[in-house]
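A short worksheet on the structure shown next.
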Amino acid sequence: MTDKDDDKDQSLREDIRRLGRLLGDTVRNQHGDEAFELIERVRQNSIRFRRDADQAARVELESTLNTLTNDQTTQVIRAFSYFSHLVNLAEDQHHIRRSRAHQIAGSAPRQGSLAFTIEALYRTGHSTRQLLDFFEHAQVAPVLTAHPTEVQRKSILNCQMVITRLLDERDRMQLTPEESGANEEALARAVLTLWQTRMLRMSKLSVLDEVENGLSFYDYTFLRELPHLYAGLEDLLASKDPSLQQTELPSFMKMGSWIGGDRDGNPFVTASILEKTMAMQATRAFKFYLEEIHTLGSQLSMATLLVKVSDELLALAQRSPDHSPHRADEPYRLAISGIYARLAATYTQLLGLLPAIPPSGDATPYAYSEELAADLDIIHQSLISNGSAAITRGRLRHLRRAVRVFGFYLAPLDLRQNSDVHERVVAELLQAANPEVDYLSLNEDQRIELLVKEISSARPLASPYLTYSEETQSELAIYRAAAKAKQRYGDGAVPNCIISKTDGVSDMLELALLLKEAGLLHPAEGRLDVNIIPLFETIEDLQNSAPVMDRLFAIPAYARLLASRQQAQEVMLGYSDSNKDGGFLTSGWELYKAELDLIQVFARHQVRLRLFHGRGGSVGRGGGPSYQAILAQPAGAVQGQIRLTEQGEVITAKYGNPEVGRRNLEVLAAATMEASLLAHQEAPPRPEFLSAMEELSAHAFKAYRHLVYETEGFEQYFWESTVISEIAGLNIGSRPASRKKSTAIEDLRAIPWVFSWAQCRLMLPGWFGFGAAVQAYLQAHPDHGLQTLQAMFREWSFFSTVLSNMEMVLAKSDIGIASRYAQLVKDDSLRQRIFPRIQAEHTLTIDVLKSISGQDELLAANPLLARSIRNRFPYLSPLNHVQVELLERFRQGDTDERVRRGIHLSINGIAAGLRNSG
């Protein structure tokens, strides 16, 4: 790092020191000098060992940690866990600080910003018309999902936001000595409050708890920052082309959600939960609109004596129930009072709730959010037409955009269910209607023939006079509740139904049949009211995805339904389960190939492809920087439309801070534009690159499968050497850790699988098999193998992104710490059969990665992440050490509640330090 870079980080170091000092003062004041000195001794020895490889410091560190009492252990865990959280806040604030400094200095736009992308598009000859056409058809949707390893309480997040605000205040304002002292005192109070706030939940989260947690990010970020993003983009385009001064872009970016609609393996998501989820979402939207409209009314005080207004505005004012003589000559206020009254009536009609501020009188409810948007447009147009355009650019502009983006339902809610459930329900319905039909015994061709006949018939299959199983009743109720939600809150309230474990055309048609039963598919009109979305998850399913879609599109009955969906079909690709099934490298390669095959099939059938990427937070589940991931898609895969999941602690990291959140939303928009409009800039991968990847994938798949699925005792090794058993006992997500009541890795959900490996600092799903694959490839191609791989790294964004993500994972791994977890395995021979293999592959993978990238050390090309690791990892090592010690006590029968709680606290702290571990 250069001196210049070092100077740029001075403020970050100061923030970290300030927060660390305040945390230390809190510990001393709350627990005395002895507790403070213990924690400080652990901290200093950990730093000495981590940064200087001081073995004496390591011996002293381990000696100290191994002799702690249960109370001391809890104090150490809490101190280092909270410090990890505080470092996260300091780093986020530093990113904001550097971004602002960059803008103030008038520097060239940074890659990943919309300004950079717009400039690149104009520079490469794209016209304004082309850009507007892109936005007309674009769709960018981050989709929030509940996360069964999310360990952060909302109360902790609230405390952190106070600290963030105070750090930001120090940056943005030149404080007087008195103000600086007040800020420091407020920071101390905030850190004390954080210390005294319980980190763990006392009871397991319910689905509605998860919904509420997800909705908090709308308060923090989405409701305000998404409209700001649109405004900034419109202003940016207008600065490039003055003819766009009054142009408003379509609402191409919207949030999505699975929380309250994802039933795959979660029996707690029912029709009642779906209804309550939609009501909670709508309540958030209405409260925001009511508050904003009320405030807007206080601001638009223009009088007819001084300004002209449009006839439409006068008519809107005349319909207002507000008859106060004090506002008789203030038509904008009267119009807004009428809008408020109508919105309040809608709020009461839909949700049975009364606004905090009563309306001025009775009014007719809005039927749709579009009517509210139209009324706000009347105000906007009147201001524009009468010389008051500047007034439209504040609160009114952002409110109008919010209504168009969030509607009355806040976020489109996806439904998801496993294909096995659909199969059982359809089989029961068919047999009840005709006992001679044994659907489960039919082959795929027979199933397709029968299902096509049923979805083409207007005759309902379910009878109100028959009693069905609890599962069938529940599924039918869900789809009927979805239909009601669409009628109640707007057609976009529930737009998508996703089928997990799709492996055939019949899976798609089974869902179509269930939608027909709920009135969401209309055979006579050939109309489908929701998108039917297959989710291809395993390696085999990915390989079969294109043939499945090819056969589906060839069915006239489905093609007719597709026409009612604007001839667009969404396909979801599962990163998590494909990784667990075939390993990191093979998963990435099969996803890439599946996209190429799908592009060809969709083009042949003239269907627009929209890919939904089921990415997790960790690299082992498809995570990594979103910008690079989108740009690494094969040409033609994005086409202006993309959806991707945002999960767990990644939601907090990306969207807990409003400015960081807006930046992450901007990155998604910019990357989608670049991938769609500038994809031709990278030449297609050379044939020898494709051939090399095929070889590498085959070798990596063999190495991974041999370890995970073919090594006797590996399942036992995994359960004993990680915290998977203890994760299952945490009061975190509502969804069980396994799909079935078993310890089989096949049945384990991918999220806790990856999360467990992260906790023990091995990160195995993010790299295992790559070293063996490269070694085998080089042995087969001794003359030019390395040169080919190096060329792939330089020239092919897909391959360089794969290696970059793997490098990040390896940098966060620690084989020494992982060796301590291996000691938890009771069977010495089992441990000796497995851990040395993992250790050897870890070393080999790092070596071959360096050879391909040409770097002497990991993260040489990523100084920001390297800095982050230096700042935080000395504070993670003690947490890992203590976690192992507590696991040993717990598994040996120590029933002290402090031991169990300490394990769970350490899980929280390690997750916070790693940030993208699940």
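Following the order of the structure tokens, chains are lettered A, B, ..., residues in each are numbered from 1, and ligands are numbered from 1.
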Contacts of stretch 334-351 of chain A at 9 Å (only C-alpha atoms; same-chain gap of 4+ positions) as a VMD selection string: chain A and resid 279 282 to 283 286 to 287 289 to 290 293 to 294 296 to 297 300 313 to 323 327 to 330 355 358 to 367 372 375 to 376 379 488 to 489
Residues near A:Cys159, cut-off 12 Å, only C-alpha atoms, skip fewer than 3 positions along chain, as a ChimeraX atom specification: /A:82,85-86,89,152-156,162-166,186-199,656
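DSSP secondary structure from the backbone places Met253, Gly256, Ser257 and Asp262 of chain A of stretch 189-275 of chain A in strand (DSSP E or B).
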Alpha helix (DSSP H) residues, from DSSP on the backbone, in stretch 507-546 of chain A, as a list in words: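 Alpha helix (DSSP H) members of stretch 507-546 of chain A, listed: Asp507, Met508, Leu509, Glu510, Leu511, Ala512, Leu513, Leu514, Leu515, Lys516, Glu517, Ile539, Glu540, Asp541, Leu542, Gln543, Asn544, Ser545 and Ala546 of chain A.
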Point-to-point distance in Å for atom CA of A:Ala563 and atom CA of A:Leu476: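 It comes out at 25.3 Å.
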Selection near A:Arg401, 12 Å with only C-alpha atoms, sequence-local residues under 2 positions removed, as a PyMOL selection string: chain A and resi 222-231+234+248-254+289+369-370+372-374+376-377+380+392-399+403-407
Nearest to A:Leu668, chosen from A:Ile104, A:Leu237, A:Leu114, A:Ala462, with only C-alpha atoms counted in the distances: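 Of all the options, A:Leu114 lies closest to A:Leu668.
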Point-to-point distance in Å for atom CA of A:Arg97 and atom CA of A:Gln174: 14.3 Å
All residues 9 Å or closer to stretch 633-640 of chain A, only C-alpha atoms, same chain fewer than 3 positions away omitted, as an MDAnalysis selection string: chainID A and resid 134:135 137:140 592:593 595:596 598:599 608:611 628:630 672:673 675:677 679:680 682 684 797:798
Nearby residues (only C-alpha atoms) at most 6 Å from stretch 262-277 of chain A, same-chain spacing under 3 positions excluded, as a PyMOL selection string: chain A and resi 258+280+415-418+477-478+481+735+739
Close residues, A:Leu144 itself excluded, 7 Å, only C-alpha atoms, min 2 positions apart in chain, as number ranges by chain: A: 142, 146, 256-258, 645-647
Residue among A:Glu888, A:Glu34, A:Glu40, A:Glu185 lying closest to A:Val723, counting only C-alpha atoms: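 Ranking A:Glu888, A:Glu34, A:Glu40, A:Glu185 by distance to A:Val723, first place goes to A:Glu888.
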